[in-house]
Each structure stands twice: as C-alpha cells, then as structure tokens.
file work13.cif (mmCIF, C-alpha atoms)
data_work
#
loop_
_atom_site.label_atom_id
_atom_site.label_comp_id
_atom_site.auth_asym_id
_atom_site.auth_seq_id
_atom_site.Cartn_x
_atom_site.Cartn_y
_atom_site.Cartn_z
CA MET T 1 175.28 65.95 24.25
CA THR T 2 175.20 63.08 26.70
CA GLU T 3 172.08 62.50 28.85
CA LYS T 4 173.99 61.03 31.79
CA GLY T 5 173.37 62.69 35.18
CA PHE T 6 170.30 64.69 34.17
CA ILE T 7 168.24 65.83 37.18
CA PRO T 8 164.76 66.95 36.00
CA LEU T 9 163.27 70.09 37.56
CA THR T 10 160.16 70.33 35.36
CA SER T 11 157.63 68.08 33.73
CA GLU T 12 157.74 67.19 30.03
CA LEU T 13 155.76 69.76 28.01
CA GLY T 14 154.92 69.20 24.36
CA VAL T 15 156.00 71.45 21.50
CA PRO T 16 152.82 72.68 19.71
CA GLY T 17 152.42 71.25 16.23
CA THR T 18 154.94 68.43 16.83
CA SER T 19 155.26 65.14 18.72
CA TYR T 20 158.30 66.40 20.67
CA ARG T 21 158.50 67.35 24.37
CA ILE T 22 160.86 69.68 26.25
CA GLN T 23 162.15 69.34 29.83
CA LEU T 24 164.48 71.47 31.96
CA GLY T 25 166.87 70.18 34.59
CA LEU T 26 170.44 70.10 35.84
CA ILE T 27 173.54 68.24 34.66
CA ASN T 28 176.53 68.59 37.01
CA ASP T 29 174.80 71.56 38.70
CA LYS T 30 174.43 73.37 35.38
CA TRP T 31 171.19 74.18 33.61
CA ALA T 32 170.29 71.82 30.79
CA SER T 33 167.36 71.10 28.48
CA ARG T 34 166.47 67.92 26.67
CA LEU T 35 164.18 67.08 23.77
CA LEU T 36 162.13 63.87 23.91
CA LYS T 37 160.00 61.94 21.44
CA GLY T 38 158.04 59.04 22.83
CA ARG T 39 160.30 57.37 25.38
CA ASP T 40 163.53 58.36 23.66
CA VAL T 41 165.73 61.39 24.41
CA ILE T 42 166.55 63.01 21.05
CA GLU T 43 168.96 65.71 22.22
CA SER T 44 170.30 67.39 25.39
CA TYR T 45 171.98 70.75 25.81
CA VAL T 46 173.94 72.22 28.74
CA TYR T 47 173.89 76.00 29.03
CA LYS T 48 177.02 77.97 29.75
CA ASP T 49 177.31 80.40 32.62
CA GLU T 50 176.95 83.38 30.29
CA ASP T 51 173.69 81.87 28.96
CA VAL T 52 172.13 82.04 32.43
CA GLU T 53 170.38 85.26 33.47
CA GLY T 54 168.97 85.75 36.96
CA GLY T 55 169.80 82.17 37.90
CA PHE T 56 167.90 80.63 34.96
CA PRO T 57 168.77 80.03 31.29
CA ASN T 58 167.76 82.67 28.73
CA GLN T 59 164.37 81.74 27.27
CA ASN T 60 165.29 82.97 23.78
CA LEU T 61 168.27 80.59 23.79
CA ILE T 62 165.98 77.69 24.72
CA VAL T 63 163.57 78.54 21.86
CA GLY T 64 166.43 78.83 19.36
CA TRP T 65 167.87 75.46 20.44
CA VAL T 66 164.44 73.80 20.02
CA LEU T 67 163.94 75.28 16.52
CA ARG T 68 167.40 74.14 15.40
CA THR T 69 166.98 70.63 16.84
CA VAL T 70 163.45 69.91 15.62
CA ALA T 71 163.97 71.36 12.13
CA ILE T 72 160.30 71.18 11.22
CA PRO T 73 159.09 73.73 8.65
CA ASN T 74 156.24 76.10 9.50
CA ILE T 75 156.74 75.62 13.28
CA ASN T 76 155.41 78.56 15.30
CA PRO T 77 158.18 80.12 17.46
CA HIS T 78 155.53 81.94 19.53
CA GLN T 79 153.99 78.62 20.65
CA VAL T 80 157.47 77.30 21.49
CA MET T 81 158.06 80.43 23.62
CA LYS T 82 154.84 79.76 25.59
CA THR T 83 156.02 76.23 26.35
CA THR T 84 159.44 77.57 27.39
CA GLN T 85 157.91 80.15 29.75
CA ALA T 86 155.82 77.47 31.44
CA LEU T 87 158.93 75.30 31.89
CA VAL T 88 160.90 78.17 33.45
CA LYS T 89 158.08 78.86 35.92
CA GLN T 90 158.09 75.21 36.98
CA ALA T 91 161.88 75.28 37.36
CA ILE T 92 161.74 78.41 39.56
CA LYS T 93 159.11 76.84 41.83
CA LYS T 94 161.03 73.56 42.09
CA LYS T 95 164.29 75.32 42.96
CA GLU T 96 162.64 77.41 45.69
CA GLU T 97 161.16 74.25 47.24
CA LYS T 98 164.64 72.70 47.34
CA ARG T 99 166.01 75.74 49.18
CA THR T 100 163.35 75.56 51.90
CA VAL T 101 164.16 71.90 52.68
CA ALA T 102 167.63 71.82 54.21
CA PRO T 103 169.61 68.54 54.02
CA LEU T 104 170.22 66.60 57.22
CA SER T 105 173.97 67.11 56.92
CA GLU T 106 173.49 70.89 57.26
CA THR T 107 171.26 70.72 60.30
CA LYS T 108 172.91 71.55 63.59
CA GLU T 109 172.27 69.74 66.84
CA VAL T 110 169.98 71.76 69.06
CA ARG T 111 170.75 71.60 72.74
CA LEU T 112 167.86 72.15 75.08
CA GLU T 113 168.40 74.20 78.20
CA LYS T 114 167.28 72.81 81.52
CA VAL T 115 164.64 74.85 83.30
CA PRO T 116 165.29 75.47 87.03
CA GLU T 117 163.05 73.61 89.44
CA ASN T 118 161.65 76.83 90.94
CA GLU T 119 160.42 77.97 87.49
CA LEU T 120 158.62 74.75 86.62
CA ARG T 121 154.84 74.99 86.49
CA ARG T 122 153.45 71.63 87.38
CA PRO T 123 149.68 71.02 87.40
CA LYS T 124 148.05 70.97 90.81
CA VAL T 125 147.21 67.52 92.12
CA GLN T 126 143.47 67.08 92.50
CA GLY T 127 141.68 64.46 94.55
CA TRP T 128 141.98 62.95 98.01
CA VAL T 129 144.99 60.99 99.13
CA LYS T 130 144.35 58.46 101.88
CA ALA T 131 146.90 58.71 104.66
CA GLU T 132 148.31 55.55 106.14
CA SER T 133 146.94 54.70 109.59
CA ASP T 134 149.06 53.62 112.56
CA LYS T 135 146.24 51.54 114.07
CA ALA T 136 146.35 47.78 114.27
CA PRO T 137 144.19 45.71 111.86
CA GLU T 138 141.97 44.59 114.77
CA GLU T 139 141.18 48.19 115.73
CA LEU T 140 140.41 49.08 112.12
CA ASP T 141 138.03 46.11 111.86
CA GLU T 142 136.21 47.20 115.05
CA GLU T 143 135.83 50.74 113.71
CA ARG T 144 134.46 49.46 110.43
CA LEU T 145 131.99 47.18 112.27
CA LYS T 146 130.85 50.04 114.51
CA ALA T 147 130.33 52.33 111.56
CA PHE T 148 128.39 49.60 109.77
CA LYS T 149 126.08 49.09 112.78
CA GLU T 150 125.44 52.83 113.04
CA ARG T 151 124.52 53.02 109.37
CA ALA T 152 122.23 49.97 109.70
CA ALA T 153 120.46 51.44 112.77
CA ALA T 154 119.95 54.79 111.04
CA LYS T 155 118.54 53.09 107.97
CA LYS T 156 116.18 50.94 110.11
CA ALA T 157 114.91 54.01 112.01
CA GLU T 158 114.32 55.81 108.73
CA GLU T 159 112.35 52.85 107.34
CA GLN T 160 110.26 52.61 110.57
CA ALA T 161 109.40 56.31 110.41
CA SER T 162 108.35 55.91 106.78
CA VAL T 163 106.08 52.94 107.65
CA GLU T 164 104.44 54.85 110.52
CA GLU T 165 103.84 57.84 108.30
CA GLN T 166 102.19 55.68 105.64
CA ALA T 167 100.00 53.94 108.26
CA SER T 168 98.85 57.33 109.59
CA VAL T 169 97.89 58.47 106.11
CA VAL T 170 95.92 55.25 105.49
CA GLU T 171 94.09 55.56 108.84
CA GLN T 172 93.05 59.13 108.13
CA ALA T 173 91.82 58.16 104.69
CA SER T 174 89.78 55.16 105.97
CA SER T 175 87.96 56.95 108.85
CA PRO T 176 85.02 59.02 107.40
CA THR T 177 84.35 62.29 109.10
CA THR T 178 80.73 63.08 109.99
CA PRO T 179 79.79 66.41 108.45
CA THR T 180 78.27 68.96 110.77
CA LEU T 181 74.95 70.27 109.56
CA HIS T 182 74.24 73.89 110.34
CA THR T 183 70.51 74.82 110.39
CA LYS T 184 68.50 77.81 111.52
CA ARG T 185 65.66 75.65 112.89
CA GLN T 186 65.07 76.24 116.56
CA LEU T 187 63.97 73.21 118.56
CA PRO T 188 61.30 73.69 121.24
CA SER T 189 62.60 74.03 124.74
CA ILE T 190 62.27 71.12 127.11
CA PRO T 191 59.27 71.68 129.45
CA LYS T 192 59.90 71.89 133.14
CA GLU T 193 58.48 69.49 135.60
CA GLY T 194 54.71 70.05 136.12
CA GLU T 195 54.42 72.41 133.16
CA VAL T 196 51.55 71.72 130.73
CA VAL T 197 52.50 71.85 127.13
CA LYS T 198 49.86 73.06 124.71
CA ALA T 199 49.64 71.62 121.28
CA PRO T 200 50.28 74.18 118.56
CA GLU T 201 47.23 75.58 116.89
CA ILE T 202 46.72 74.40 113.35
CA SER T 203 45.32 77.02 111.11
CA VAL T 204 43.55 76.21 107.89
CA ILE T 205 45.68 77.30 104.98
CA SER T 206 43.56 78.18 102.00
CA ASN T 207 46.17 77.25 99.34
CA PHE T 208 46.03 73.53 100.10
CA CYS T 209 43.41 71.43 98.44
CA PRO T 210 41.55 69.42 101.18
CA HIS T 211 40.65 66.80 98.66
CA CYS T 212 43.92 66.00 96.88
CA GLY T 213 46.41 67.93 99.08
CA LYS T 214 47.97 70.09 96.31
CA ASP T 215 49.56 73.40 97.30
CA LEU T 216 47.51 75.97 95.34
CA ASP T 217 46.41 79.56 95.59
CA TRP T 218 43.34 79.24 93.35
CA LYS T 219 39.56 79.03 94.06
CA PHE T 220 39.19 75.68 92.32
CA CYS T 221 41.68 72.85 92.32
CA PRO T 222 43.04 72.47 88.78
CA TYR T 223 43.67 68.78 89.38
CA CYS T 224 40.37 67.59 90.83
CA GLY T 225 38.13 70.61 89.93
CA LYS T 226 36.57 70.96 93.37
CA PRO T 227 36.19 74.38 95.06
CA LEU T 228 38.79 75.37 97.55
CA PRO T 229 37.80 76.61 101.05
CA HIS T 230 38.60 80.31 101.77
CA GLU T 231 38.41 82.25 105.00
#

call {"tool": "encode", "arguments": {"input": "work13.cif", "output": "structure tokens"}}
result
Amino acid sequence: MTEKGFIPLTSELGVPGTSYRIQLGLINDKWASRLLKGRDVIESYVYKDEDVEGGFPNQNLIVGWVLRTVAIPNINPHQVMKTTQALVKQAIKKKEEKRTVAPLSETKEVRLEKVPENELRRPKVQGWVKAESDKAPEELDEERLKAFKERAAAKKAEEQASVEEQASVVEQASSPTTPTLHTKRQLPSIPKEGEVVKAPEISVISNFCPHCGKDLDWKFCPYCGKPLPHE
C-alpha cells in the first residue's frame, strides 16, 4: 500500500524480538498502520470502516497484519499485542488533543458589548490638583516673597530661642551653688552694752593625759606610762 499522505498520530514502537517498528496514523482521514525498519517504510495498511470499532481500528486486526507482514518464526503474538495497545492509547490521546484545539477557520468573531457610562467603575482620583489662579504674575511674586520672609523670620526666632536656652543651661552649670550647712551648735548670744562676760569655767577632765594629751579613761597613760590625775 502506498505511504503517500500518512499523518502520524503515535510514535514508532518496536516489535519485541525483531528490528521492526509499528506506527499508527491517518491516510485520507482513514486509520492506517505502517511497519518500519531503520529509516525505510516496509509496508502500510489502511483499515476499512468495518475494521474500526469505537472510532479506532481493531487491535486484533493490527496484530494479525503485523504477524503476516513480518513473517518471522517464533514471534510472540502477546508481545505484539502489548505494543499495539500502547499505540492505540497514544492515538486516543492525540485525537482528543486535536478536538480541543479548534482551527481558526471555525472560530467565530466575538463582538464585545459596550458598557453604559453610568455602569462604569472608574478608580477614584487621588492626590491634589492645583487650580489655576486668576492673579497677575506680579501679585504671585509678591505673595511668594512675603511667604518666604515669614518663614525666614520664624526660623530666625526659633534659632534665637534655641541659643538663649543653651546659654541659660551653660550659665546654670558654671555657677556653683554654696551648700547650706545645717548644725545643732548654738552660738553664744551677743552681750549687751555694759554687760560683763565671764569666761567659761574649764573643768579638769580625768580621761585626758596631761603629759601627752591622749584621750584615755585609764589610771596610767598607756603611751607614756605616767599616772593620770583623778578627782
């Protein structure tokens, strides 16, 4: 059978135990199988309508055609059937993929409907839009100059206040404060005019050594060894 116009739907699967390969496809929109060896096509076969069951050629017919064409003794028909089943699965998958992709000639032009203006949902405009002023350029320049002077004066006053504050802090830090000492000692009152002031009586304290001046409460000074006076 002629090979002309063969459209492959499967890959080329080898026949177990041989160097031949089988492939399924279409010739003039009819199912066909071909047998290959190396790069050469040995034989092709187109199946009749009655040979097709469920949209695909009968697998037993494919196996019988392979066995008749190869004519190799001791070939295992069961292995040939496995190869045929794999080819049919590939052909089914390929044909379903072709159905899902419609040709451009069959596609219809889709006309989009225009949405009314009142149903359109446009995003809200964010930001500030500067309105055009009706003032003359000279007036605008004067306003800009006035605003600039006000900003400069405010900045200068702020800087002056900051300098004064820093100077006050430095002055407080540099001037030491005299701490006030609180004591329970009572000073003698100032005598009045004509009043005679008596000197305070000095009593002999027995715990002071008259020789070396140590403050002791012993009979003998432990430092100089001399007896201490007692009342």

call {"tool": "atom_distance", "arguments": {"input": "work13.cif", "atom1": "CA of Glu97 (chain T)", "atom2": "CA of Asp40 (chain T)"}}
result
28.5 Å

call {"tool": "atom_distance", "arguments": {"input": "work13.cif", "atom1": "CA of Val52 (chain T)", "atom2": "CA of Ser33 (chain T)"}}
result
12.6 Å

call {"tool": "resolve_selection", "arguments": {"input": "work13.cif", "expression": "the PyMOL selection byres ((chain T and resi 20) around 10)", "output": "number ranges by chain"}}
result
T: 12-19, 21-22, 35-38, 41-42, 66, 70

call {"tool": "write_last_selection", "arguments": {"input": "work13.cif", "atoms": "C-alpha atoms", "output": "PDB file, in the frame of the given file"}}
result
ATOM      1  CA  GLU T  12     157.740  67.190  30.030  1.00  0.00           C
ATOM      2  CA  LEU T  13     155.760  69.760  28.010  1.00  0.00           C
ATOM      3  CA  GLY T  14     154.920  69.200  24.360  1.00  0.00           C
ATOM      4  CA  VAL T  15     156.000  71.450  21.500  1.00  0.00           C
ATOM      5  CA  PRO T  16     152.820  72.680  19.710  1.00  0.00           C
ATOM      6  CA  GLY T  17     152.420  71.250  16.230  1.00  0.00           C
ATOM      7  CA  THR T  18     154.940  68.430  16.830  1.00  0.00           C
ATOM      8  CA  SER T  19     155.260  65.140  18.720  1.00  0.00           C
ATOM      9  CA  ARG T  21     158.500  67.350  24.370  1.00  0.00           C
ATOM     10  CA  ILE T  22     160.860  69.680  26.250  1.00  0.00           C
ATOM     11  CA  LEU T  35     164.180  67.080  23.770  1.00  0.00           C
ATOM     12  CA  LEU T  36     162.130  63.870  23.910  1.00  0.00           C
ATOM     13  CA  LYS T  37     160.000  61.940  21.440  1.00  0.00           C
ATOM     14  CA  GLY T  38     158.040  59.040  22.830  1.00  0.00           C
ATOM     15  CA  VAL T  41     165.730  61.390  24.410  1.00  0.00           C
ATOM     16  CA  ILE T  42     166.550  63.010  21.050  1.00  0.00           C
ATOM     17  CA  VAL T  66     164.440  73.800  20.020  1.00  0.00           C
ATOM     18  CA  VAL T  70     163.450  69.910  15.620  1.00  0.00           C
TER      19      VAL T  70
END

call {"tool": "atom_distance", "arguments": {"input": "work13.cif", "atom1": "CA of Ala91 (chain T)", "atom2": "CA of Ile72 (chain T)"}}
result
26.5 Å

call {"tool": "resolve_selection", "arguments": {"input": "work13.cif", "expression": "the PyMOL selection byres ((chain T and resi 57) around 10)", "output": "mmCIF file with C-alpha atoms, in the frame of the given file"}}
result
data_model
loop_
_atom_site.group_PDB
_atom_site.id
_atom_site.type_symbol
_atom_site.label_atom_id
_atom_site.label_comp_id
_atom_site.auth_asym_id
_atom_site.auth_seq_id
_atom_site.Cartn_x
_atom_site.Cartn_y
_atom_site.Cartn_z
ATOM 1 C CA LEU T 24 164.480 71.470 31.960
ATOM 2 C CA LYS T 30 174.430 73.370 35.380
ATOM 3 C CA TRP T 31 171.190 74.180 33.610
ATOM 4 C CA ALA T 32 170.290 71.820 30.790
ATOM 5 C CA SER T 33 167.360 71.100 28.480
ATOM 6 C CA VAL T 46 173.940 72.220 28.740
ATOM 7 C CA TYR T 47 173.890 76.000 29.030
ATOM 8 C CA LYS T 48 177.020 77.970 29.750
ATOM 9 C CA ASP T 49 177.310 80.400 32.620
ATOM 10 C CA GLU T 50 176.950 83.380 30.290
ATOM 11 C CA ASP T 51 173.690 81.870 28.960
ATOM 12 C CA VAL T 52 172.130 82.040 32.430
ATOM 13 C CA GLU T 53 170.380 85.260 33.470
ATOM 14 C CA GLY T 54 168.970 85.750 36.960
ATOM 15 C CA GLY T 55 169.800 82.170 37.900
ATOM 16 C CA PHE T 56 167.900 80.630 34.960
ATOM 17 C CA ASN T 58 167.760 82.670 28.730
ATOM 18 C CA GLN T 59 164.370 81.740 27.270
ATOM 19 C CA ASN T 60 165.290 82.970 23.780
ATOM 20 C CA LEU T 61 168.270 80.590 23.790
ATOM 21 C CA ILE T 62 165.980 77.690 24.720
ATOM 22 C CA VAL T 88 160.900 78.170 33.450
#

call {"tool": "closest_residue", "arguments": {"input": "work13.cif", "among": "T:Cys224, T:Glu164, T:Ser11, T:Lys114", "to": "Thr84 (chain T)", "atoms": "only C-alpha atoms"}}
result
T:Ser11

call {"tool": "closest_residue", "arguments": {"input": "work13.cif", "among": "T:Arg34, T:His78, T:Gly5, T:Lys146", "to": "Trp65 (chain T)", "atoms": "all atoms listed in the file"}}
result
T:Arg34

call {"tool": "axis_aligned_box", "arguments": {"input": "work13.cif", "around": "region 57-63 of chain T", "padding_each_side": "6 Å", "output": "AutoDock Vina command-line options"}}
result
--center_x 166.2 --center_y 80.3 --center_z 26.6 --size_x 17.2 --size_y 17.3 --size_z 21.4

call {"tool": "closest_residue", "arguments": {"input": "work13.cif", "among": "T:Ala136, T:Met81, T:Cys212, T:Val163", "to": "Gly225 (chain T)", "atoms": "only C-alpha atoms"}}
result
T:Cys212

call {"tool": "decode", "arguments": {"input": "work13.cif", "residues": "region 154-174 of chain T", "atoms": "N, CA and C atoms", "output": "PDB file, in the first residue's frame"}}
result
ATOM      1  N   ALA T 154      10.408  83.298  61.113  1.00  0.00           N
ATOM      2  CA  ALA T 154      10.059  82.250  62.078  1.00  0.00           C
ATOM      3  C   ALA T 154      11.267  81.356  62.371  1.00  0.00           C
ATOM      4  N   LYS T 155      12.017  81.049  61.330  1.00  0.00           N
ATOM      5  CA  LYS T 155      13.199  80.213  61.534  1.00  0.00           C
ATOM      6  C   LYS T 155      14.245  80.940  62.378  1.00  0.00           C
ATOM      7  N   LYS T 156      14.428  82.273  62.142  1.00  0.00           N
ATOM      8  CA  LYS T 156      15.403  83.045  62.905  1.00  0.00           C
ATOM      9  C   LYS T 156      14.995  83.117  64.371  1.00  0.00           C
ATOM     10  N   ALA T 157      13.691  83.333  64.650  1.00  0.00           N
ATOM     11  CA  ALA T 157      13.223  83.393  66.032  1.00  0.00           C
ATOM     12  C   ALA T 157      13.421  82.044  66.730  1.00  0.00           C
ATOM     13  N   GLU T 158      13.190  80.981  65.997  1.00  0.00           N
ATOM     14  CA  GLU T 158      13.386  79.652  66.577  1.00  0.00           C
ATOM     15  C   GLU T 158      14.857  79.415  66.916  1.00  0.00           C
ATOM     16  N   GLU T 159      15.760  79.830  66.026  1.00  0.00           N
ATOM     17  CA  GLU T 159      17.192  79.673  66.290  1.00  0.00           C
ATOM     18  C   GLU T 159      17.624  80.522  67.486  1.00  0.00           C
ATOM     19  N   GLN T 160      17.093  81.780  67.600  1.00  0.00           N
ATOM     20  CA  GLN T 160      17.452  82.657  68.709  1.00  0.00           C
ATOM     21  C   GLN T 160      17.002  82.063  70.041  1.00  0.00           C
ATOM     22  N   ALA T 161      15.790  81.501  70.052  1.00  0.00           N
ATOM     23  CA  ALA T 161      15.286  80.883  71.286  1.00  0.00           C
ATOM     24  C   ALA T 161      16.149  79.692  71.678  1.00  0.00           C
ATOM     25  N   SER T 162      16.599  78.938  70.681  1.00  0.00           N
ATOM     26  CA  SER T 162      17.457  77.784  70.976  1.00  0.00           C
ATOM     27  C   SER T 162      18.795  78.229  71.548  1.00  0.00           C
ATOM     28  N   VAL T 163      19.381  79.327  71.011  1.00  0.00           N
ATOM     29  CA  VAL T 163      20.659  79.834  71.514  1.00  0.00           C
ATOM     30  C   VAL T 163      20.517  80.328  72.950  1.00  0.00           C
ATOM     31  N   GLU T 164      19.412  81.048  73.237  1.00  0.00           N
ATOM     32  CA  GLU T 164      19.199  81.559  74.594  1.00  0.00           C
ATOM     33  C   GLU T 164      19.029  80.414  75.592  1.00  0.00           C
ATOM     34  N   GLU T 165      18.338  79.393  75.165  1.00  0.00           N
ATOM     35  CA  GLU T 165      18.126  78.252  76.056  1.00  0.00           C
ATOM     36  C   GLU T 165      19.456  77.559  76.366  1.00  0.00           C
ATOM     37  N   GLN T 166      20.298  77.392  75.350  1.00  0.00           N
ATOM     38  CA  GLN T 166      21.603  76.775  75.576  1.00  0.00           C
ATOM     39  C   GLN T 166      22.477  77.635  76.477  1.00  0.00           C
ATOM     40  N   ALA T 167      22.439  78.966  76.305  1.00  0.00           N
ATOM     41  CA  ALA T 167      23.232  79.870  77.147  1.00  0.00           C
ATOM     42  C   ALA T 167      22.774  79.791  78.600  1.00  0.00           C
ATOM     43  N   SER T 168      21.466  79.668  78.820  1.00  0.00           N
ATOM     44  CA  SER T 168      20.949  79.567  80.186  1.00  0.00           C
ATOM     45  C   SER T 168      21.415  78.284  80.851  1.00  0.00           C
ATOM     46  N   VAL T 169      21.428  77.207  80.087  1.00  0.00           N
ATOM     47  CA  VAL T 169      21.878  75.926  80.644  1.00  0.00           C
ATOM     48  C   VAL T 169      23.352  75.989  81.005  1.00  0.00           C
ATOM     49  N   VAL T 170      24.176  76.631  80.146  1.00  0.00           N
ATOM     50  CA  VAL T 170      25.612  76.750  80.418  1.00  0.00           C
ATOM     51  C   VAL T 170      25.862  77.610  81.641  1.00  0.00           C
ATOM     52  N   GLU T 171      25.095  78.700  81.803  1.00  0.00           N
ATOM     53  CA  GLU T 171      25.275  79.606  82.947  1.00  0.00           C
ATOM     54  C   GLU T 171      24.928  78.898  84.249  1.00  0.00           C
ATOM     55  N   GLN T 172      23.863  78.122  84.239  1.00  0.00           N
ATOM     56  CA  GLN T 172      23.494  77.395  85.457  1.00  0.00           C
ATOM     57  C   GLN T 172      24.538  76.341  85.804  1.00  0.00           C
ATOM     58  N   ALA T 173      25.127  75.735  84.783  1.00  0.00           N
ATOM     59  CA  ALA T 173      26.131  74.707  85.052  1.00  0.00           C
ATOM     60  C   ALA T 173      27.441  75.301  85.568  1.00  0.00           C
ATOM     61  N   SER T 174      27.787  76.534  85.122  1.00  0.00           N
ATOM     62  CA  SER T 174      29.072  77.143  85.503  1.00  0.00           C
ATOM     63  C   SER T 174      29.033  77.813  86.868  1.00  0.00           C
TER      64      SER T 174
END
